[in-house]
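**Q** Dropping in data34.cif, which is mmCIF, C-alpha atoms:
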```cif
data_query
#
loop_
_atom_site.label_atom_id
_atom_site.label_comp_id
_atom_site.auth_asym_id
_atom_site.auth_seq_id
_atom_site.Cartn_x
_atom_site.Cartn_y
_atom_site.Cartn_z
CA MET A 1 43.27 -70.88 117.05
CA ARG A 2 43.01 -67.12 116.71
CA GLY A 3 39.93 -65.72 115.03
CA GLU A 4 37.66 -68.62 115.95
CA GLU A 5 34.41 -68.02 117.81
CA PRO A 6 34.49 -69.39 121.37
CA LYS A 7 32.39 -72.52 121.80
CA PRO A 8 29.24 -72.02 123.88
CA PRO A 9 29.19 -73.73 127.27
CA PRO A 10 27.28 -76.97 127.75
CA THR A 11 23.55 -76.34 127.97
CA PRO A 12 21.53 -77.65 130.90
CA TYR A 13 19.07 -79.08 128.36
CA GLU A 14 21.30 -81.68 126.73
CA HIS A 15 18.98 -84.42 128.02
CA LEU A 16 16.46 -83.23 125.46
CA LEU A 17 18.64 -84.54 122.63
CA LEU A 18 17.57 -88.06 123.61
CA ALA A 19 13.89 -87.22 124.17
CA PRO A 20 11.07 -87.70 121.61
CA ARG A 21 10.44 -84.79 119.27
CA PHE A 22 7.25 -82.90 118.39
CA GLU A 23 5.57 -83.47 121.75
CA VAL A 24 4.36 -80.74 124.09
CA ARG A 25 6.14 -81.09 127.42
CA PRO A 26 6.98 -78.95 130.46
CA GLU A 27 10.53 -77.81 131.16
CA GLN A 28 12.04 -75.14 133.41
CA LEU A 29 13.31 -71.79 132.15
CA LEU A 30 14.84 -69.32 134.59
CA GLY A 31 13.44 -71.37 137.45
CA LYS A 32 9.82 -71.33 136.27
CA PRO A 33 7.71 -73.84 134.30
CA PHE A 34 7.93 -73.40 130.55
CA TYR A 35 6.03 -75.46 127.99
CA ILE A 36 7.80 -76.41 124.78
CA ALA A 37 6.48 -78.01 121.59
CA ASP A 38 9.65 -79.75 120.48
CA THR A 39 12.80 -80.86 122.28
CA LEU A 40 15.39 -80.20 119.57
CA SER A 41 14.09 -76.77 118.58
CA PHE A 42 13.98 -75.66 122.22
CA TYR A 43 17.51 -76.96 122.80
CA SER A 44 18.75 -75.03 119.77
CA SER A 45 16.80 -71.89 120.68
CA PHE A 46 18.17 -71.83 124.22
CA ARG A 47 21.75 -72.13 122.96
CA GLU A 48 21.30 -69.34 120.42
CA ILE A 49 19.23 -66.97 122.54
CA PHE A 50 20.46 -67.44 126.11
CA GLN A 51 24.02 -68.68 125.60
CA GLN A 52 25.16 -67.10 122.34
CA GLU A 53 22.80 -64.15 122.89
CA ILE A 54 22.17 -63.53 119.21
CA TYR A 55 19.38 -61.07 120.08
CA ARG A 56 21.51 -58.93 122.39
CA PHE A 57 21.15 -55.26 121.51
CA GLN A 58 21.70 -51.86 123.04
CA ALA A 59 19.04 -49.27 123.78
CA THR A 60 18.82 -45.61 124.75
CA SER A 61 16.43 -46.24 127.65
CA HIS A 62 15.57 -48.91 130.19
CA SER A 63 12.19 -49.46 128.52
CA PRO A 64 12.95 -50.13 124.85
CA VAL A 65 10.25 -51.08 122.36
CA ILE A 66 10.76 -54.53 120.85
CA VAL A 67 8.77 -56.11 118.01
CA ASP A 68 9.19 -59.90 117.88
CA CYS A 69 7.85 -61.39 114.64
CA GLY A 70 7.91 -65.17 114.95
CA ALA A 71 7.88 -65.34 118.75
CA ASN A 72 7.28 -69.11 118.82
CA TYR A 73 6.42 -70.26 122.35
CA GLY A 74 8.38 -67.49 124.02
CA VAL A 75 12.08 -68.23 124.50
CA SER A 76 12.98 -64.91 122.87
CA LEU A 77 10.24 -63.12 124.82
CA VAL A 78 11.56 -64.36 128.17
CA TYR A 79 15.08 -63.37 127.10
CA PHE A 80 14.04 -59.83 126.14
CA LYS A 81 12.25 -59.31 129.45
CA GLN A 82 15.23 -60.72 131.33
CA ILE A 83 17.71 -58.20 129.90
CA PHE A 84 15.20 -55.33 129.81
CA PRO A 85 12.51 -55.96 132.47
CA ASP A 86 10.74 -52.70 131.59
CA ALA A 87 10.74 -53.32 127.84
CA LYS A 88 7.51 -53.01 125.87
CA VAL A 89 7.29 -56.08 123.64
CA ILE A 90 4.91 -56.89 120.80
CA ALA A 91 5.18 -60.63 120.10
CA VAL A 92 3.53 -62.14 117.01
CA GLU A 93 3.13 -65.88 116.42
CA ALA A 94 1.13 -67.43 113.56
CA ASP A 95 0.76 -71.06 114.64
CA PRO A 96 -2.36 -71.22 116.88
CA GLU A 97 -1.14 -74.24 118.89
CA ILE A 98 2.30 -72.69 119.44
CA PHE A 99 0.60 -69.39 120.31
CA ALA A 100 -1.37 -71.11 123.10
CA LEU A 101 1.96 -72.17 124.65
CA LEU A 102 3.26 -68.62 124.22
CA GLN A 103 0.28 -67.26 126.15
CA TRP A 104 0.72 -69.80 128.94
CA ASN A 105 4.47 -69.21 129.25
CA ALA A 106 4.07 -65.42 129.29
CA ALA A 107 1.47 -65.68 132.06
CA VAL A 108 3.47 -68.09 134.23
CA HIS A 109 6.59 -65.91 133.89
CA ASP A 110 4.56 -62.83 134.92
CA LEU A 111 5.63 -60.87 131.85
CA THR A 112 4.14 -57.38 131.81
CA ASP A 113 3.97 -54.73 129.06
CA VAL A 114 3.70 -57.56 126.53
CA THR A 115 1.21 -57.66 123.66
CA LEU A 116 0.63 -61.10 122.10
CA ILE A 117 -0.82 -61.37 118.58
CA ASN A 118 -1.92 -64.64 116.96
CA LYS A 119 -1.54 -63.76 113.28
CA ALA A 120 0.88 -64.43 110.44
CA VAL A 121 3.13 -61.49 109.55
CA ALA A 122 2.69 -61.09 105.80
CA ALA A 123 3.11 -58.59 102.98
CA THR A 124 -0.66 -58.01 102.65
CA ALA A 125 -3.72 -58.13 104.87
CA GLU A 126 -5.18 -61.08 102.96
CA PRO A 127 -5.46 -64.46 104.76
CA VAL A 128 -2.63 -66.91 104.00
CA VAL A 129 -2.27 -70.67 103.81
CA PHE A 130 0.02 -71.73 106.65
CA HIS A 131 1.87 -75.05 106.91
CA ARG A 132 2.37 -76.28 110.48
CA GLU A 133 5.65 -78.11 111.04
CA GLY A 134 4.88 -79.02 114.64
CA ALA A 135 7.85 -77.19 116.17
CA ASP A 136 9.09 -73.69 115.37
CA ALA A 137 9.33 -73.85 111.56
CA GLY A 138 5.74 -73.38 110.41
CA ARG A 139 5.56 -71.24 107.30
CA ILE A 140 3.59 -69.77 104.42
CA HIS A 141 5.85 -71.34 101.78
CA PHE A 142 4.76 -74.84 100.75
CA MET A 143 6.08 -77.56 103.03
CA THR A 144 6.24 -81.25 102.15
CA GLY A 145 4.87 -83.40 104.97
CA ALA A 146 3.31 -80.53 106.91
CA LYS A 147 1.55 -81.59 110.11
CA ASP A 148 -1.45 -79.36 109.29
CA VAL A 149 -2.39 -76.81 106.65
CA LEU A 150 -4.43 -73.86 107.94
CA THR A 151 -5.80 -70.58 106.62
CA LEU A 152 -4.74 -67.82 109.01
CA PRO A 153 -5.38 -64.08 109.40
CA THR A 154 -2.43 -61.79 108.77
CA ILE A 155 -0.90 -58.58 110.00
CA VAL A 156 1.41 -56.36 107.96
CA LEU A 157 4.64 -55.12 109.47
CA ASP A 158 3.66 -51.45 109.40
CA GLU A 159 0.77 -52.17 111.78
CA LEU A 160 3.46 -53.11 114.31
CA LEU A 161 5.74 -50.14 113.61
CA THR A 162 3.50 -47.36 114.88
CA GLN A 163 6.17 -45.90 117.20
CA PRO A 164 9.97 -45.79 117.39
CA VAL A 165 11.23 -49.37 117.72
CA ASP A 166 14.55 -50.14 119.38
CA PHE A 167 14.79 -53.71 118.10
CA LEU A 168 12.87 -55.57 115.41
CA LYS A 169 13.23 -59.34 115.16
CA ILE A 170 11.88 -61.14 112.07
CA ASP A 171 12.02 -64.93 111.96
CA ILE A 172 9.06 -65.88 109.78
CA GLU A 173 10.41 -68.78 107.73
CA GLY A 174 10.79 -67.31 104.26
CA ALA A 175 8.25 -64.47 104.22
CA GLU A 176 10.83 -61.94 105.46
CA THR A 177 11.83 -60.33 102.14
CA GLU A 178 8.27 -59.65 100.97
CA VAL A 179 7.27 -58.38 104.41
CA LEU A 180 10.17 -55.92 104.55
CA ALA A 181 9.59 -54.85 100.94
CA ALA A 182 5.99 -53.94 101.78
CA SER A 183 6.99 -51.78 104.76
CA ARG A 184 7.07 -47.99 104.58
CA ARG A 185 8.04 -47.47 108.21
CA LEU A 186 11.50 -48.98 108.55
CA ASP A 187 12.80 -45.51 109.32
CA CYS A 188 11.36 -45.84 112.83
CA VAL A 189 13.47 -48.96 113.52
CA SER A 190 16.85 -48.51 115.18
CA GLN A 191 18.21 -52.08 115.07
CA LEU A 192 16.95 -55.33 113.65
CA MET A 193 17.68 -58.99 113.14
CA VAL A 194 16.13 -60.93 110.28
CA GLU A 195 16.57 -64.62 109.57
CA TYR A 196 16.90 -65.13 105.81
CA HIS A 197 15.56 -68.39 104.35
CA SER A 198 16.51 -69.55 100.85
CA PHE A 199 14.18 -72.24 99.52
CA ALA A 200 15.77 -74.64 97.05
CA ASP A 201 12.66 -74.55 94.83
CA ALA A 202 12.46 -70.74 94.58
CA PRO A 203 14.66 -67.85 93.38
CA GLN A 204 17.01 -66.42 95.98
CA GLU A 205 16.02 -63.04 97.44
CA LEU A 206 19.19 -62.24 99.36
CA PRO A 207 20.45 -59.40 97.09
CA ARG A 208 17.03 -57.76 97.23
CA LEU A 209 16.86 -58.06 101.02
CA LEU A 210 20.33 -56.61 101.58
CA ASN A 211 19.70 -53.77 99.15
CA MET A 212 16.49 -52.88 101.00
CA LEU A 213 18.36 -52.68 104.28
CA ALA A 214 21.10 -50.53 102.77
CA GLU A 215 18.59 -48.20 101.11
CA ALA A 216 16.76 -47.87 104.43
CA GLY A 217 19.98 -46.55 106.00
CA PHE A 218 21.16 -49.69 107.81
CA ARG A 219 24.62 -51.21 107.99
CA TYR A 220 24.24 -54.99 107.99
CA TYR A 221 26.19 -57.99 109.23
CA VAL A 222 25.67 -61.57 108.05
CA GLN A 223 26.14 -64.84 109.91
CA THR A 224 25.66 -68.29 108.42
CA GLN A 225 23.09 -70.44 110.17
CA TYR A 226 22.86 -73.25 107.63
CA CYS A 227 24.80 -73.97 104.45
CA PRO A 228 25.79 -77.34 102.89
CA ARG A 229 29.40 -78.24 103.64
CA GLN A 230 30.11 -78.67 99.93
CA PRO A 231 27.37 -76.64 98.25
CA LEU A 232 28.92 -76.97 94.77
CA VAL A 233 29.02 -80.76 95.07
CA LYS A 234 26.16 -81.76 97.37
CA GLY A 235 23.02 -79.71 97.10
CA THR A 236 21.54 -80.71 100.45
CA ALA A 237 18.65 -78.86 102.05
CA HIS A 238 17.11 -78.53 105.51
CA LEU A 239 13.29 -78.40 105.51
CA GLY A 240 13.53 -77.48 101.85
CA MET A 241 16.02 -74.65 102.48
CA ASP A 242 19.50 -74.66 100.99
CA LEU A 243 20.70 -71.60 102.93
CA GLN A 244 19.79 -69.85 106.18
CA LEU A 245 21.45 -66.65 107.38
CA ASN A 246 21.15 -64.38 110.40
CA ILE A 247 21.27 -60.77 109.23
CA PHE A 248 21.78 -58.03 111.80
CA ALA A 249 21.39 -54.36 110.94
CA LYS A 250 21.74 -51.03 112.72
CA ARG A 251 21.96 -47.41 111.80
CA PRO A 252 25.57 -46.11 111.72
CA GLY A 253 26.40 -43.52 114.35
CA SER A 254 23.34 -44.22 116.49
CA ILE A 255 23.84 -43.77 120.23
CA ALA A 256 23.00 -46.93 122.17
CA ALA A 257 24.05 -46.50 125.77
CA ILE A 258 22.21 -49.15 127.76
CA GLU A 259 22.97 -52.82 127.24
CA GLY A 260 20.65 -54.36 129.79
CA ARG A 261 21.58 -56.65 132.64
CA PRO A 262 23.07 -60.14 132.14
CA ALA A 263 20.48 -62.54 130.76
CA LEU A 264 22.01 -65.88 131.63
CA PRO A 265 20.47 -68.00 134.39
CA PRO A 266 22.90 -68.72 137.27
CA GLU A 267 23.89 -72.24 136.19
CA THR A 268 24.57 -71.13 132.61
CA ALA A 269 26.49 -68.03 133.66
CA ALA A 270 28.70 -70.20 135.87
CA ALA A 271 29.37 -72.58 133.01
CA LYS A 272 30.23 -69.66 130.76
CA ARG A 273 32.74 -68.35 133.28
CA ARG A 274 34.38 -71.79 133.51
CA VAL A 275 34.78 -71.94 129.73
CA ALA A 276 36.26 -68.44 129.66
#
```
How does this structure look as structure tokens?
**A**
Amino acid sequence: MRGEEPKPPPTPYEHLLLAPRFEVRPEQLLGKPFYIADTLSFYSSFREIFQQEIYRFQATSHSPVIVDCGANYGVSLVYFKQIFPDAKVIAVEADPEIFALLQWNAAVHDLTDVTLINKAVAATAEPVVFHREGADAGRIHFMTGAKDVLTLPTIVLDELLTQPVDFLKIDIEGAETEVLAASRRLDCVSQLMVEYHSFADAPQELPRLLNMLAEAGFRYYVQTQYCPRQPLVKGTAHLGMDLQLNIFAKRPGSIAAIEGRPALPPETAAAKRRVA
């Protein structure tokens, strides 16, 4: 049917759908060992990042500056360095156990020009209470059934935006609106992607978030990541969230000449060609 998005090719990690969740285990990513903390979240991340390429962006040089807030255990980091090997990446991850995997994966994959920071990105420099989910959804917002509750140090966004940034990624499980509202340096960001989280027990911040992006000079694009099939009838929620969106933004008229080389590993690229 015309207008429909093409389906992504089968992922080489479909065996993980039958494996136990919330257990640290080794896998292979781009032919090298890669430790994951959860089978389902890694499966989903690989599909989004390496197959659908939701973080694909263009840059004006071969060594763009990337700020990755919510780097998890490094799927996005490996992707960024695959498409732009000379990129300078600042990767921030709050969860200390997930951060340890991020460090290990970055070292095994020989990633250079990468700065890893184990702090929670927040609106202020005050420590925050952090709820560990055990996979990639730890957050500051209260979580029922959290695996652990920790007090963590924080870093504000403007400490990461000290130079022109080609791409800013923010996936911090609900803290995104306050973090962006506290920033005074968004003018140095060329393109960004922010995952918006709407908690069912809190007011929605989407209008505020979109207005901030527009006022900062961005043109934005919105994709649905999660929404109940019949939201007016069945008010279902996922991890306490009744809506999740991917919001992409860039400055109109900006020149972005270099896309970066193909990011897909050989077996995935072949599958993609077969589907096409």
**Q** One decimal, Å: what's the distance from atom CA of Phe99 of chain A over to atom CA of Thr177 of chain A, could you say?
**A**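 Computing the Euclidean distance for atom CA of Phe99 of chain A and atom CA of Thr177 of chain A yields 23.2 Å.
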**Q** Which distance in Å separates atom CA of Pro164 of chain A and atom CA of Pro252 of chain A, to one decimal?
**A**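 If I compute the distance from atom CA of Pro164 of chain A to atom CA of Pro252 of chain A, I get 16.6 Å.
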**Q** What's around Thr124 of chain A at 8 Å? Count all atoms listed in the file, leave out sequence neighbours fewer than 3 positions away in its own chain, and write the answer as a PDB file with C-alpha atoms, in the frame of the given file.
**A**
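Contents of selection.pdb, as written:
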```pdb
ATOM      1  CA  THR A 154      -2.430 -61.790 108.770  1.00  0.00           C
ATOM      2  CA  ILE A 155      -0.900 -58.580 110.000  1.00  0.00           C
ATOM      3  CA  VAL A 156       1.410 -56.360 107.960  1.00  0.00           C
ATOM      4  CA  ALA A 182       5.990 -53.940 101.780  1.00  0.00           C
TER       5      ALA A 182
END
```
**Q** Centre and edge lengths, as AutoDock Vina command-line options, for the axis-aligned box enclosing every listed atom of segment 160-168 of chain A with 4 Å of padding on each of the six sides, in Å to one decimal?
**A**
```
--center_x 9.1 --center_y -50.7 --center_z 116.5 --size_x 19.3 --size_y 17.8 --size_z 13.8
```
**Q** Could you list the residues chosen by the PyMOL selection byres ((chain A and resi 70) around 6) in this structure as a list in words?
**A**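 Expected selection for the PyMOL selection byres ((chain A and resi 70) around 6) here is Cys69, Ala71, Asn72, Val92, Glu93, Asp171 and Ile172 of chain A.
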**Q** One decimal, Å: what's the distance from atom CA of Leu29 of chain A over to atom CA of Arg56 of chain A, could you say?
**A**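 Between atom CA of Leu29 of chain A and atom CA of Arg56 of chain A the gap is 18.1 Å.
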**Q** To test your reading of the syntax: which residues would the PyMOL selection byres ((chain A and resi 34) around 10) return for the file shown? Reply as a list in words.
**A**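 Taken over the shown coordinates, the PyMOL selection byres ((chain A and resi 34) around 10) returns Arg25, Pro26, Glu27, Gln28, Leu29, Leu30, Gly31, Lys32, Pro33, Tyr35, Ile36, Tyr73, Gly74, Val75, Leu101, Leu102, Trp104, Asn105, Ala106, Val108 and His109 of chain A.
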**Q** Please, which residues in segment 85-199 of chain A fall within 10 Å of segment 246-251 of chain A when counting all atoms listed in the file, and what is the closest atom pair and distance in Å to one decimal for each, ordered by chain then residue number, as JSON lines?
**A**
```
{"residue": "A:Asp166", "atom": "CA", "partner": "A:Lys250", "partner_atom": "CA", "distance": 9.8}
{"residue": "A:Phe167", "atom": "CA", "partner": "A:Lys250", "partner_atom": "CA", "distance": 9.2}
{"residue": "A:Leu168", "atom": "CA", "partner": "A:Ala249", "partner_atom": "CA", "distance": 9.7}
{"residue": "A:Lys169", "atom": "CA", "partner": "A:Phe248", "partner_atom": "CA", "distance": 9.3}
{"residue": "A:Ile170", "atom": "CA", "partner": "A:Ile247", "partner_atom": "CA", "distance": 9.8}
{"residue": "A:Asp171", "atom": "CA", "partner": "A:Asn246", "partner_atom": "CA", "distance": 9.3}
{"residue": "A:Asp187", "atom": "CA", "partner": "A:Arg251", "partner_atom": "CA", "distance": 9.7}
{"residue": "A:Val189", "atom": "CA", "partner": "A:Lys250", "partner_atom": "CA", "distance": 8.6}
{"residue": "A:Ser190", "atom": "CA", "partner": "A:Lys250", "partner_atom": "CA", "distance": 6.0}
{"residue": "A:Gln191", "atom": "CA", "partner": "A:Lys250", "partner_atom": "CA", "distance": 4.4}
{"residue": "A:Leu192", "atom": "CA", "partner": "A:Ala249", "partner_atom": "CA", "distance": 5.3}
{"residue": "A:Met193", "atom": "CA", "partner": "A:Phe248", "partner_atom": "CA", "distance": 4.4}
{"residue": "A:Val194", "atom": "CA", "partner": "A:Ile247", "partner_atom": "CA", "distance": 5.2}
{"residue": "A:Glu195", "atom": "CA", "partner": "A:Asn246", "partner_atom": "CA", "distance": 4.7}
{"residue": "A:Tyr196", "atom": "CA", "partner": "A:Asn246", "partner_atom": "CA", "distance": 6.3}
{"residue": "A:His197", "atom": "CA", "partner": "A:Asn246", "partner_atom": "CA", "distance": 9.2}
```
**Q** When distances are computed from only C-alpha atoms, which of A:Gln51, A:Gly174, A:Val89, A:His141 shows the smallest separation from Leu160 of chain A?
**A**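 Ranking A:Gln51, A:Gly174, A:Val89, A:His141 by distance to Leu160 of chain A, first place goes to A:Val89.
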**Q** Find the spatial neighbours of Asp242 of chain A, counting only C-alpha atoms, within a cut-off of 12 Å - ignore same-chain residues fewer than 2 positions away - and output them as a PyMOL selection string.
**A** chain A and resi 174+196-204+224-232+234-240+244-245
**Q** Ranking A:Pro85, A:Gly134, A:Gly217, A:Pro207 by minimum distance to Leu40 of chain A and counting all atoms listed in the file, which one comes first?
**A**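 So, comparing all the options, the nearest one is A:Gly134.
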**Q** Given the choices A:Ala181, A:Ala122, A:Ala100, A:Ala107, which gets closest to Glu159 of chain A if the distance is worked out from only C-alpha atoms?
**A**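 Counting only C-alpha atoms, the residue closest to Glu159 of chain A is A:Ala122.
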**Q** Residues at most 12 Å from His15 of chain A, counting all atoms listed in the file, excluding those fewer than 2 positions away in the same chain, as a ChimeraX atom specification?
**A** /A:10-13,17-20,27,39-40,42-43
**Q** Which residue is closest to Ala120 of chain A? Choose from A:Lys88, A:Lys147, A:Arg208, A:Arg139 and count all atoms listed in the file.
**A** A:Arg139
**Q** Using only C-alpha atoms, give me every residue within 6 Å of (14.0, -68.4, 121.8) in file coordinates, as a PyMOL selection string.
**A** chain A and resi 45-46+49+75-76
**Q** Quick one: apply the PyMOL selection byres ((chain A and resi 87) around 7) to the file and drop the selected residues here as a list in words.
**A**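 Checked against the file, the PyMOL selection byres ((chain A and resi 87) around 7) matches His62, Ser63, Pro64, Val65, Lys81, Phe84, Pro85, Asp86, Lys88 and Val89 of chain A.
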**Q** Taking C-alpha atoms for each residue, export the selection above as an mmCIF file, in the coordinates of the input.
**A**
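Here's the written file part-v1.cif:
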```
data_model
loop_
_atom_site.group_PDB
_atom_site.id
_atom_site.type_symbol
_atom_site.label_atom_id
_atom_site.label_comp_id
_atom_site.auth_asym_id
_atom_site.auth_seq_id
_atom_site.Cartn_x
_atom_site.Cartn_y
_atom_site.Cartn_z
ATOM 1 C CA HIS A 62 15.570 -48.910 130.190
ATOM 2 C CA SER A 63 12.190 -49.460 128.520
ATOM 3 C CA PRO A 64 12.950 -50.130 124.850
ATOM 4 C CA VAL A 65 10.250 -51.080 122.360
ATOM 5 C CA LYS A 81 12.250 -59.310 129.450
ATOM 6 C CA PHE A 84 15.200 -55.330 129.810
ATOM 7 C CA PRO A 85 12.510 -55.960 132.470
ATOM 8 C CA ASP A 86 10.740 -52.700 131.590
ATOM 9 C CA LYS A 88 7.510 -53.010 125.870
ATOM 10 C CA VAL A 89 7.290 -56.080 123.640
#
```
